[in-house]
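File shown: start.cif (mmCIF, C-alpha atoms and all ligand atoms).
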data_start
loop_
_atom_site.label_atom_id
_atom_site.label_comp_id
_atom_site.auth_asym_id
_atom_site.auth_seq_id
_atom_site.Cartn_x
_atom_site.Cartn_y
_atom_site.Cartn_z
CA MET Q 33 20.24 -30.21 -18.88
CA LEU Q 34 17.84 -31.42 -16.17
CA PRO Q 35 15.62 -28.75 -14.51
CA GLU Q 36 17.02 -28.04 -11.03
CA GLU Q 37 13.76 -29.31 -9.40
CA PHE Q 38 14.81 -32.84 -10.42
CA ASP Q 39 18.38 -32.49 -9.16
CA LEU Q 40 19.14 -34.61 -6.07
CA SER Q 41 22.71 -33.43 -5.41
CA GLY Q 42 23.55 -33.52 -1.71
CA ARG Q 43 20.66 -35.86 -0.86
CA VAL Q 44 20.90 -39.39 0.52
CA ALA Q 45 18.39 -42.03 -0.60
CA ILE Q 46 17.68 -45.50 0.79
CA VAL Q 47 16.24 -48.01 -1.68
CA THR Q 48 15.06 -51.32 -0.27
CA GLY Q 49 15.25 -54.15 -2.79
CA GLY Q 50 17.77 -51.95 -4.59
CA GLY Q 51 19.98 -54.79 -5.84
CA THR Q 52 17.65 -55.93 -8.64
CA GLY Q 53 14.69 -54.97 -10.81
CA ILE Q 54 12.77 -51.74 -10.29
CA GLY Q 55 14.74 -50.97 -7.12
CA LYS Q 56 18.08 -51.14 -8.90
CA ALA Q 57 16.78 -49.03 -11.80
CA THR Q 58 15.57 -46.48 -9.23
CA ALA Q 59 18.84 -46.44 -7.28
CA ARG Q 60 20.75 -45.92 -10.56
CA LEU Q 61 18.48 -43.05 -11.60
CA LEU Q 62 18.63 -41.32 -8.20
CA ALA Q 63 22.45 -41.58 -8.26
CA ARG Q 64 22.59 -40.24 -11.83
CA ARG Q 65 20.54 -37.28 -10.55
CA GLY Q 66 23.16 -36.64 -7.85
CA ALA Q 67 22.05 -38.58 -4.76
CA ASP Q 68 24.25 -40.83 -2.67
CA VAL Q 69 22.37 -44.08 -2.14
CA ALA Q 70 22.16 -47.05 0.20
CA ILE Q 71 20.65 -50.20 -1.25
CA ALA Q 72 19.25 -52.99 0.91
CA GLY Q 73 18.27 -56.62 0.32
CA ARG Q 74 19.08 -60.06 1.69
CA LYS Q 75 21.74 -61.19 -0.80
CA ALA Q 76 25.03 -59.47 -0.02
CA ASP Q 77 26.76 -60.51 -3.26
CA VAL Q 78 23.92 -59.24 -5.49
CA LEU Q 79 23.80 -55.97 -3.57
CA GLU Q 80 27.55 -55.40 -3.73
CA ALA Q 81 27.63 -56.02 -7.50
CA ALA Q 82 24.79 -53.52 -8.01
CA ALA Q 83 26.45 -50.99 -5.70
CA GLU Q 84 29.72 -51.20 -7.64
CA GLU Q 85 27.87 -50.68 -10.93
CA ILE Q 86 26.11 -47.61 -9.50
CA ARG Q 87 29.37 -46.15 -8.12
CA GLN Q 88 31.12 -46.66 -11.45
CA GLU Q 89 28.41 -45.12 -13.61
CA SER Q 90 27.39 -42.19 -11.36
CA GLY Q 91 30.53 -41.41 -9.37
CA LYS Q 92 28.28 -41.20 -6.29
CA ARG Q 93 28.60 -43.14 -3.04
CA CYS Q 94 26.58 -46.34 -2.93
CA LEU Q 95 26.40 -48.41 0.23
CA ALA Q 96 25.26 -52.05 0.10
CA VAL Q 97 23.53 -52.99 3.36
CA PRO Q 98 22.41 -56.63 3.76
CA THR Q 99 18.95 -56.38 5.32
CA ASP Q 100 15.82 -58.46 5.79
CA VAL Q 101 13.09 -55.82 5.80
CA ARG Q 102 10.68 -58.22 7.52
CA LYS Q 103 12.80 -57.74 10.66
CA PRO Q 104 12.28 -54.37 12.39
CA GLU Q 105 15.74 -54.55 13.99
CA HIS Q 106 17.33 -54.91 10.52
CA CYS Q 107 15.41 -51.85 9.31
CA GLN Q 108 16.65 -49.89 12.32
CA ALA Q 109 20.24 -51.00 11.65
CA LEU Q 110 19.90 -50.06 7.95
CA MET Q 111 18.88 -46.49 8.80
CA GLU Q 112 21.57 -46.11 11.46
CA ARG Q 113 24.30 -47.35 9.12
CA ALA Q 114 23.16 -45.20 6.19
CA ALA Q 115 22.90 -42.09 8.35
CA SER Q 116 26.26 -42.66 9.97
CA GLU Q 117 28.18 -43.53 6.77
CA LEU Q 118 26.39 -41.22 4.31
CA GLY Q 119 25.66 -38.43 6.82
CA ARG Q 120 21.87 -38.01 6.51
CA ILE Q 121 18.70 -39.53 5.06
CA ASP Q 122 16.47 -37.50 2.71
CA ILE Q 123 14.62 -40.12 0.68
CA LEU Q 124 13.26 -43.56 1.59
CA ILE Q 125 12.04 -45.80 -1.24
CA ASN Q 126 10.12 -48.77 0.23
CA ASN Q 127 10.47 -51.02 -2.81
CA ALA Q 128 11.36 -54.53 -1.51
CA GLY Q 129 8.40 -56.78 -2.23
CA GLY Q 130 6.98 -59.65 -4.17
CA ALA Q 131 4.49 -62.50 -3.96
CA HIS Q 132 5.30 -66.00 -2.74
CA GLY Q 133 3.66 -68.48 -5.08
CA HIS Q 134 0.32 -68.43 -6.87
CA ILE Q 135 -2.55 -70.07 -5.01
CA GLY Q 136 -6.19 -69.31 -4.26
CA LEU Q 137 -7.31 -67.92 -0.90
CA SER Q 138 -9.18 -71.13 -0.01
CA LYS Q 139 -5.91 -73.08 0.07
CA ILE Q 140 -3.23 -70.56 0.93
CA ASP Q 141 -0.71 -71.62 3.55
CA LEU Q 142 -1.07 -69.14 6.41
CA ALA Q 143 2.68 -68.84 6.92
CA LYS Q 144 2.92 -67.63 3.30
CA TRP Q 145 0.00 -65.26 3.90
CA ASP Q 146 1.87 -63.73 6.85
CA ARG Q 147 5.11 -63.53 4.85
CA ASP Q 148 3.46 -61.62 1.97
CA ILE Q 149 1.71 -59.19 4.32
CA GLN Q 150 4.92 -58.60 6.24
CA LEU Q 151 7.08 -58.06 3.16
CA ASN Q 152 4.63 -55.93 1.17
CA LEU Q 153 3.01 -53.89 3.95
CA SER Q 154 4.56 -54.14 7.41
CA ALA Q 155 8.15 -53.69 6.15
CA ALA Q 156 7.30 -50.23 4.80
CA GLN Q 157 6.14 -49.22 8.27
CA TYR Q 158 9.24 -50.75 9.92
CA CYS Q 159 11.56 -48.84 7.57
CA ALA Q 160 9.60 -45.59 7.71
CA GLN Q 161 9.43 -45.60 11.50
CA ALA Q 162 13.16 -46.26 11.73
CA ALA Q 163 13.93 -43.50 9.17
CA LEU Q 164 11.54 -40.97 10.70
CA PRO Q 165 13.95 -39.09 13.02
CA HIS Q 166 16.34 -38.63 10.07
CA LEU Q 167 13.55 -37.60 7.67
CA LYS Q 168 12.27 -35.05 10.22
CA LYS Q 169 15.74 -33.47 10.28
CA SER Q 170 16.03 -33.34 6.48
CA LYS Q 171 12.32 -32.64 5.77
CA GLY Q 172 12.59 -35.60 3.51
CA CYS Q 173 10.18 -37.88 1.69
CA ILE Q 174 9.04 -41.48 1.33
CA VAL Q 175 7.92 -43.30 -1.80
CA ASN Q 176 6.13 -46.62 -1.25
CA ILE Q 177 6.02 -49.11 -4.12
CA SER Q 178 2.62 -50.75 -4.42
CA SER Q 179 1.23 -52.56 -7.48
CA LEU Q 180 -1.74 -52.51 -9.81
CA ALA Q 181 -2.61 -55.76 -7.97
CA GLY Q 182 -3.36 -53.41 -5.06
CA VAL Q 183 -5.70 -51.36 -7.27
CA HIS Q 184 -7.80 -54.01 -9.02
CA GLY Q 185 -6.77 -57.18 -7.13
CA THR Q 186 -5.18 -60.24 -8.74
CA GLN Q 187 -6.47 -63.78 -8.28
CA GLY Q 188 -3.89 -66.22 -6.91
CA VAL Q 189 -1.97 -63.52 -5.04
CA GLY Q 190 -4.60 -62.45 -2.52
CA ALA Q 191 -2.24 -61.61 0.33
CA TYR Q 192 0.03 -59.62 -2.00
CA SER Q 193 -2.96 -57.74 -3.48
CA ALA Q 194 -4.37 -56.93 -0.03
CA ALA Q 195 -0.95 -55.82 1.26
CA LYS Q 196 -0.33 -53.59 -1.78
CA ALA Q 197 -3.79 -52.01 -1.36
CA GLY Q 198 -2.98 -51.50 2.31
CA LEU Q 199 0.28 -49.82 1.35
CA GLN Q 200 -1.68 -47.18 -0.58
CA MET Q 201 -3.74 -46.41 2.55
CA LEU Q 202 -0.62 -46.49 4.74
CA THR Q 203 0.83 -43.87 2.35
CA ARG Q 204 -2.14 -41.58 2.97
CA VAL Q 205 -2.05 -41.95 6.76
CA MET Q 206 1.74 -41.43 6.88
CA ALA Q 207 1.28 -38.34 4.69
CA ALA Q 208 -1.41 -36.96 7.02
CA GLU Q 209 0.53 -37.66 10.23
CA TRP Q 210 3.98 -36.58 9.06
CA GLY Q 211 3.10 -33.72 6.67
CA PRO Q 212 3.23 -31.15 9.51
CA ALA Q 213 6.88 -32.21 10.08
CA GLY Q 214 7.61 -31.39 6.43
CA ILE Q 215 7.70 -35.01 5.23
CA ARG Q 216 5.93 -35.97 1.99
CA VAL Q 217 4.78 -39.55 1.43
CA ASN Q 218 3.63 -40.84 -1.96
CA CYS Q 219 3.17 -44.15 -3.69
CA VAL Q 220 3.82 -45.65 -7.13
CA ALA Q 221 1.78 -48.64 -8.33
CA PRO Q 222 3.59 -50.39 -11.19
CA GLY Q 223 1.83 -52.74 -13.56
CA MET Q 224 3.49 -55.56 -15.48
CA THR Q 225 7.13 -54.51 -15.75
CA ALA Q 226 9.95 -56.03 -17.76
CA THR Q 227 12.34 -56.82 -14.90
CA GLU Q 228 15.16 -59.36 -15.23
CA GLN Q 229 12.95 -61.97 -13.53
CA ALA Q 230 9.91 -61.18 -15.72
CA ARG Q 231 12.03 -61.53 -18.87
CA LYS Q 232 13.27 -64.94 -17.66
CA ASN Q 233 9.64 -66.03 -17.12
CA TRP Q 234 8.68 -64.85 -20.61
CA GLU Q 235 11.63 -66.70 -22.13
CA LYS Q 236 10.59 -69.89 -20.33
CA GLY Q 237 7.10 -69.44 -21.87
CA PHE Q 238 5.30 -69.03 -18.52
CA TYR Q 239 3.21 -66.31 -20.21
CA ASP Q 240 3.33 -64.08 -23.24
CA PRO Q 241 3.80 -60.38 -22.40
CA ILE Q 242 2.07 -59.20 -25.56
CA GLU Q 243 -0.91 -61.51 -25.02
CA ALA Q 244 -1.07 -60.49 -21.35
CA THR Q 245 -1.22 -56.78 -22.20
CA LYS Q 246 -3.42 -56.92 -25.29
CA THR Q 247 -6.34 -55.16 -23.56
CA PHE Q 248 -4.11 -52.50 -21.94
CA PRO Q 249 -4.48 -49.07 -23.57
CA LEU Q 250 -0.70 -48.98 -24.17
CA ARG Q 251 -0.54 -52.64 -25.34
CA ARG Q 252 2.85 -53.56 -23.80
CA PRO Q 253 4.60 -54.19 -20.46
CA GLY Q 254 6.47 -51.30 -18.85
CA GLU Q 255 10.22 -50.85 -18.67
CA MET Q 256 11.97 -50.62 -15.28
CA ASP Q 257 13.19 -47.11 -16.10
CA GLU Q 258 9.62 -45.95 -16.80
CA VAL Q 259 8.68 -46.91 -13.23
CA ALA Q 260 11.90 -45.40 -11.85
CA GLN Q 261 11.10 -42.05 -13.51
CA ALA Q 262 7.83 -41.78 -11.57
CA ILE Q 263 9.56 -42.72 -8.32
CA ALA Q 264 12.33 -40.16 -8.92
CA PHE Q 265 9.69 -37.50 -9.63
CA PHE Q 266 8.04 -38.06 -6.23
CA ALA Q 267 11.50 -38.06 -4.60
CA SER Q 268 12.38 -34.69 -6.11
CA ASP Q 269 11.47 -31.07 -5.41
CA ALA Q 270 9.36 -31.16 -8.59
CA ALA Q 271 6.76 -32.91 -6.39
CA SER Q 272 7.18 -30.48 -3.46
CA TYR Q 273 3.42 -29.88 -2.99
CA ILE Q 274 2.23 -33.45 -3.60
CA THR Q 275 1.59 -35.84 -0.73
CA GLY Q 276 -0.56 -38.88 0.01
CA GLU Q 277 -0.97 -39.73 -3.69
CA THR Q 278 -0.63 -42.97 -5.62
CA ILE Q 279 0.17 -42.95 -9.31
CA ALA Q 280 -0.16 -46.03 -11.47
CA VAL Q 281 2.63 -46.74 -13.94
CA GLY Q 282 1.16 -49.64 -15.83
CA GLY Q 283 -0.05 -48.73 -19.30
CA GLY Q 284 -3.62 -48.08 -18.19
CA PRO Q 285 -5.46 -51.38 -17.44
CA GLN Q 286 -6.90 -49.91 -14.24
CA ILE Q 287 -8.96 -47.46 -16.28
CA GLY Q 288 -11.33 -50.34 -17.09
CA GLY Q 289 -14.66 -50.20 -18.85
CA LEU Q 290 -13.29 -49.03 -22.16
CA VAL Q 291 -14.92 -50.33 -25.29
CA ASP Q 292 -12.23 -51.39 -27.77
CA VAL Q 293 -12.94 -49.19 -30.78
CA ASP Q 294 -10.56 -47.89 -33.44
CA ALA Q 295 -8.93 -44.69 -32.23
N1 LIG P 301 7.90 -56.32 -11.79
C1 LIG P 301 6.61 -56.07 -11.81
O1 LIG P 301 5.93 -56.37 -12.82
C2 LIG P 301 5.94 -55.40 -10.65
C3 LIG P 301 4.60 -55.05 -10.77
C4 LIG P 301 3.97 -54.43 -9.72
C5 LIG P 301 4.65 -54.15 -8.56
N2 LIG P 301 5.95 -54.50 -8.44
C6 LIG P 301 6.62 -54.19 -7.16
O2 LIG P 301 7.84 -53.53 -7.42
C7 LIG P 301 8.78 -53.83 -6.39
C8 LIG P 301 10.07 -54.34 -7.00
O3 LIG P 301 9.80 -55.56 -7.66
P1 LIG P 301 10.65 -56.14 -8.88
O4 LIG P 301 9.71 -56.64 -9.87
O5 LIG P 301 11.72 -55.19 -9.25
O6 LIG P 301 11.19 -57.49 -8.19
P2 LIG P 301 12.60 -58.08 -7.86
O7 LIG P 301 13.60 -57.85 -8.91
O8 LIG P 301 12.32 -59.48 -7.42
O9 LIG P 301 12.99 -57.21 -6.61
C9 LIG P 301 12.55 -57.44 -5.34
C10 LIG P 301 13.68 -56.99 -4.44
O10 LIG P 301 13.23 -57.08 -3.10
C11 LIG P 301 14.25 -57.68 -2.33
N3 LIG P 301 13.65 -58.40 -1.21
C12 LIG P 301 12.76 -59.42 -1.25
N4 LIG P 301 12.48 -59.84 -0.01
C13 LIG P 301 13.23 -59.07 0.83
C14 LIG P 301 13.39 -59.02 2.23
N5 LIG P 301 12.72 -59.84 3.04
N6 LIG P 301 14.23 -58.09 2.73
C15 LIG P 301 14.91 -57.25 1.93
N7 LIG P 301 14.79 -57.23 0.61
C16 LIG P 301 13.96 -58.15 0.06
C17 LIG P 301 14.97 -58.64 -3.24
O11 LIG P 301 16.32 -58.85 -2.85
P3 LIG P 301 16.76 -60.17 -2.01
O12 LIG P 301 16.09 -61.34 -2.63
O13 LIG P 301 18.26 -60.18 -2.14
O14 LIG P 301 16.33 -59.91 -0.60
C18 LIG P 301 14.91 -57.89 -4.57
O15 LIG P 301 16.04 -57.07 -4.76
C19 LIG P 301 8.09 -54.85 -5.48
O16 LIG P 301 7.54 -54.20 -4.36
C20 LIG P 301 7.00 -55.42 -6.36
O17 LIG P 301 5.92 -55.92 -5.62
C21 LIG P 301 6.62 -55.13 -9.46
#

Can the structure from this file be put into structure tokens for me?
Ligand SMILES: NC(=O)c1ccc[n+]([C@@H]2O[C@H](COP(=O)([O-])OP(=O)(O)OC[C@H]3O[C@@H](n4cnc5c(N)ncnc54)[C@H](OP(=O)(O)O)[C@@H]3O)[C@@H](O)[C@H]2O)c1
Amino acid sequence: MLPEEFDLSGRVAIVTGGGTGIGKATARLLARRGADVAIAGRKADVLEAAAEEIRQESGKRCLAVPTDVRKPEHCQALMERAASELGRIDILINNAGGAHGHIGLSKIDLAKWDRDIQLNLSAAQYCAQAALPHLKKSKGCIVNISSLAGVHGTQGVGAYSAAKAGLQMLTRVMAAEWGPAGIRVNCVAPGMTATEQARKNWEKGFYDPIEATKTFPLRRPGEMDEVAQAIAFFASDAASYITGETIAVGGGPQIGGLVDVDA
């Protein structure tokens, strides 16, 4: 039996990028804990299939809302539709994100730079601002999904790294400005995670997950559910006195400076 602090019965959560990967794992977990959810992304068919799966396994309501989070008017429409069809908004998970291509900063196409900044930083502000009146009513919370690339920086994805670092600071400023209204804002920074897309890349031999994590203290990539657990913690009353924080869920590479000795 789950402690009642983790129970989300009666709450409504929005998960952007909720049709795949970490977002879908999070939407499933929040629904299993009792929340009704709205999932948003650009591909209507992917979203609807995920929503049906979530409804079937949790018995909760799950709304699929086609949305491009880089467009403020779409974010506004998402919040209005979720609030009107599900009745309220308690939890916003700003998860939609990703990097476009792998190229050094000296050669990056500036349209791609703008796209990465918009998707991984600005969209969280668009969604949060649109959700704010609803979150004020519910004294709700926001969880922003950053990345370890935003902690230590990753070559080849400079715009993504900078945006994800910016998202951690945006989390702190949102927390400071909206805390007096009873809204908590926190951030989760995943490391290398075994999403559907990552597994496809490993199978194609793009890189070896064991080789890539061999200096990580935990020596393996993370599972989507391991990231979702941290997100669900921040979204729950178990985190009722925590705001403005970022936690890394990545097996520990950000610790750095460790000499590899036998434990
Ligand atoms: N997987 C990892 O190893 C890892 C590591 C660190 C951080 N993260 C972060 O975790 C989050 C989830 O990533 P993931 O790995 O689970 O990737 P994913 O499966 O590719 O999920 C990304 C989701 O974002 C949605 N999305 C992309 N652009 C969008 C847009 N303009 N508007 C609305 N939705 C959009 C996608 O749906 P559509 O394509 O249908 O729009 C997709 O559902 C991201 O913020 C990512 O940066 C992931």

Would you compute an axis-aligned box for ligand LIG 301 (chain P), covering every atom listed for it in the file with 3 Å of margin on each side, and report centre and edge lengths in Å to one decimal as lines of an AutoDock Vina configuration file?
center_x = 11.1
center_y = -57.4
center_z = -4.9
size_x = 20.3
size_y = 13.8
size_z = 21.9

> How many Å lie between atom CA of Q:Gly188 and atom CA of Q:Leu151, rounded to one decimal?
Replying inline: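 It comes out at 17.0 Å.
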
> Residues at most 6 Å from stretch 62-74 of chain Q, counting all atoms listed in the file, excluding those fewer than 5 positions away in the same chain, as a ChimeraX atom specification?
Replying inline: /Q:39-41,43-50,90,92-100

> Counting only C-alpha atoms and all ligand atoms, what residues are within 8 Å of ligand LIG 301 (chain P), given as a ChimeraX atom specification?
Replying inline: /Q:48-56,72-76,78-79,98-103,126-131,151-152,177-181,192,196,221-230,254,256

> So which one's closest to Q:Thr275, Q:Gln187, Q:Ser193, Q:Ser138, Q:Asn176? Using only C-alpha atoms, please.
Replying inline: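 Between Q:Gln187, Q:Ser193, Q:Ser138, Q:Asn176, the residue approaching Q:Thr275 most closely is Q:Asn176.
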
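Nearest residue to Q:Cys173, choosing from Q:Arg216, Q:Arg113, Q:His132, Q:His106 and counting only C-alpha atoms: Q:Arg216.
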
> At what distance in Å, to one decimal, does atom CA of Q:Leu137 lie from atom CA of Q:Tyr158?
Replying inline: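 Computed distance, atom CA of Q:Tyr158 to atom CA of Q:Leu137, equals 26.2 Å.
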
>> Report, in Å to a single decimal, how far apart atom CA of Q:Leu202 and atom CA of Q:Ala271 are.
In response: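 Computed distance, atom CA of Q:Ala271 to atom CA of Q:Leu202, equals 19.0 Å.
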
> Which residues, written as an NGL selection string, have at least one atom at most 7 Å from Q:Ala191, with all atoms listed in the file counted and residues fewer than 6 positions away on the same chain left out?
Replying inline: :Q and (145 or 148-149)

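Excluding Q:Leu250 itself and same-chain residues fewer than 2 positions from it, the residues having an atom within 10 Å of it are Q:Thr245, Q:Lys246, Q:Thr247, Q:Phe248, Q:Arg252, Q:Pro253, Q:Gly254, Q:Gly282, Q:Gly283, Q:Gly284, Q:Pro285, counting only C-alpha atoms.
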
Show which residues sit within 9 Å of Q:Lys171, as a short mmCIF file (atom, residue, chain, number, x, y, z; two decimals) with C-alpha atoms, in the frame of the given file. Count only C-alpha atoms, and ignore same-chain residues fewer than 4 positions away.
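And here's selection_10.cif as it stands now:
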data_model
loop_
_atom_site.label_atom_id
_atom_site.label_comp_id
_atom_site.auth_asym_id
_atom_site.auth_seq_id
_atom_site.Cartn_x
_atom_site.Cartn_y
_atom_site.Cartn_z
CA ASP Q 122 16.47 -37.50 2.71
CA HIS Q 166 16.34 -38.63 10.07
CA LEU Q 167 13.55 -37.60 7.67
CA ALA Q 213 6.88 -32.21 10.08
CA GLY Q 214 7.61 -31.39 6.43
CA ILE Q 215 7.70 -35.01 5.23
CA ARG Q 216 5.93 -35.97 1.99
#

>> Calculated over only C-alpha atoms, which of the candidates Q:Gly198, Q:Ile135, Q:Ser268, Q:Ile140 has the smallest distance to Q:Ser154?
In response: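 Counting only C-alpha atoms, the residue closest to Q:Ser154 is Q:Gly198.
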
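Minimum distance to Q:Pro165 across Q:Glu117, Q:Glu36, Q:Glu209, Q:Glu112 (counting all atoms listed in the file) occurs at Q:Glu112.
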
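Among the candidates Q:Ala267, Q:Val259, Q:Leu124, Q:Leu142, the one nearest to Q:Val281 when counting all atoms listed in the file is Q:Val259.
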
>> I need the residue nearest Q:Gln286 from this list: Q:Gly119, Q:Gly172, Q:Pro249, Q:Gly136. Use all atoms listed in the file for the distance.
In response: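 Smallest separation from Q:Gln286 among the options: Q:Pro249.
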
Output file: stretch 133-153 of chain Q, N, CA and C atoms, as a PDB file, in the first residue's frame:
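Output (decode00.pdb):
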ATOM      1  N   GLY Q 133      19.997  17.048 -33.900  1.00  0.00           N
ATOM      2  CA  GLY Q 133      21.303  16.830 -34.538  1.00  0.00           C
ATOM      3  C   GLY Q 133      22.463  16.971 -33.571  1.00  0.00           C
ATOM      4  N   HIS Q 134      23.644  16.680 -34.057  1.00  0.00           N
ATOM      5  CA  HIS Q 134      24.861  16.669 -33.251  1.00  0.00           C
ATOM      6  C   HIS Q 134      25.905  17.421 -34.037  1.00  0.00           C
ATOM      7  N   ILE Q 135      26.181  18.656 -33.647  1.00  0.00           N
ATOM      8  CA  ILE Q 135      27.138  19.465 -34.415  1.00  0.00           C
ATOM      9  C   ILE Q 135      27.762  20.513 -33.491  1.00  0.00           C
ATOM     10  N   GLY Q 136      29.020  20.823 -33.746  1.00  0.00           N
ATOM     11  CA  GLY Q 136      29.739  21.777 -32.894  1.00  0.00           C
ATOM     12  C   GLY Q 136      29.193  23.192 -33.026  1.00  0.00           C
ATOM     13  N   LEU Q 137      29.481  24.013 -32.011  1.00  0.00           N
ATOM     14  CA  LEU Q 137      28.945  25.380 -31.975  1.00  0.00           C
ATOM     15  C   LEU Q 137      29.505  26.258 -33.099  1.00  0.00           C
ATOM     16  N   SER Q 138      30.679  25.910 -33.628  1.00  0.00           N
ATOM     17  CA  SER Q 138      31.249  26.755 -34.690  1.00  0.00           C
ATOM     18  C   SER Q 138      30.452  26.629 -35.985  1.00  0.00           C
ATOM     19  N   LYS Q 139      29.713  25.509 -36.122  1.00  0.00           N
ATOM     20  CA  LYS Q 139      29.029  25.273 -37.404  1.00  0.00           C
ATOM     21  C   LYS Q 139      27.512  25.200 -37.293  1.00  0.00           C
ATOM     22  N   ILE Q 140      27.009  25.330 -36.079  1.00  0.00           N
ATOM     23  CA  ILE Q 140      25.572  25.069 -35.899  1.00  0.00           C
ATOM     24  C   ILE Q 140      24.718  26.036 -36.738  1.00  0.00           C
ATOM     25  N   ASP Q 141      23.692  25.474 -37.336  1.00  0.00           N
ATOM     26  CA  ASP Q 141      22.718  26.249 -38.091  1.00  0.00           C
ATOM     27  C   ASP Q 141      21.868  27.028 -37.069  1.00  0.00           C
ATOM     28  N   LEU Q 142      21.750  28.339 -37.280  1.00  0.00           N
ATOM     29  CA  LEU Q 142      21.112  29.157 -36.239  1.00  0.00           C
ATOM     30  C   LEU Q 142      19.618  28.898 -36.101  1.00  0.00           C
ATOM     31  N   ALA Q 143      18.999  28.376 -37.164  1.00  0.00           N
ATOM     32  CA  ALA Q 143      17.580  28.014 -37.044  1.00  0.00           C
ATOM     33  C   ALA Q 143      17.445  26.825 -36.091  1.00  0.00           C
ATOM     34  N   LYS Q 144      18.424  25.897 -36.153  1.00  0.00           N
ATOM     35  CA  LYS Q 144      18.396  24.744 -35.231  1.00  0.00           C
ATOM     36  C   LYS Q 144      18.704  25.197 -33.804  1.00  0.00           C
ATOM     37  N   TRP Q 145      19.621  26.152 -33.681  1.00  0.00           N
ATOM     38  CA  TRP Q 145      19.915  26.717 -32.350  1.00  0.00           C
ATOM     39  C   TRP Q 145      18.614  27.242 -31.732  1.00  0.00           C
ATOM     40  N   ASP Q 146      17.898  28.077 -32.509  1.00  0.00           N
ATOM     41  CA  ASP Q 146      16.658  28.673 -31.991  1.00  0.00           C
ATOM     42  C   ASP Q 146      15.634  27.595 -31.638  1.00  0.00           C
ATOM     43  N   ARG Q 147      15.571  26.553 -32.472  1.00  0.00           N
ATOM     44  CA  ARG Q 147      14.577  25.487 -32.249  1.00  0.00           C
ATOM     45  C   ARG Q 147      14.866  24.758 -30.937  1.00  0.00           C
ATOM     46  N   ASP Q 148      16.145  24.463 -30.670  1.00  0.00           N
ATOM     47  CA  ASP Q 148      16.500  23.747 -29.432  1.00  0.00           C
ATOM     48  C   ASP Q 148      16.231  24.604 -28.198  1.00  0.00           C
ATOM     49  N   ILE Q 149      16.539  25.905 -28.308  1.00  0.00           N
ATOM     50  CA  ILE Q 149      16.305  26.791 -27.155  1.00  0.00           C
ATOM     51  C   ILE Q 149      14.799  26.904 -26.904  1.00  0.00           C
ATOM     52  N   GLN Q 150      14.048  27.022 -27.980  1.00  0.00           N
ATOM     53  CA  GLN Q 150      12.601  27.169 -27.827  1.00  0.00           C
ATOM     54  C   GLN Q 150      11.968  25.925 -27.225  1.00  0.00           C
ATOM     55  N   LEU Q 151      12.374  24.759 -27.739  1.00  0.00           N
ATOM     56  CA  LEU Q 151      11.770  23.502 -27.271  1.00  0.00           C
ATOM     57  C   LEU Q 151      12.177  23.185 -25.833  1.00  0.00           C
ATOM     58  N   ASN Q 152      13.448  23.407 -25.493  1.00  0.00           N
ATOM     59  CA  ASN Q 152      13.966  22.928 -24.208  1.00  0.00           C
ATOM     60  C   ASN Q 152      13.964  23.967 -23.092  1.00  0.00           C
ATOM     61  N   LEU Q 153      13.669  25.234 -23.453  1.00  0.00           N
ATOM     62  CA  LEU Q 153      13.624  26.273 -22.419  1.00  0.00           C
ATOM     63  C   LEU Q 153      12.343  27.102 -22.516  1.00  0.00           C
TER      64      LEU Q 153
END
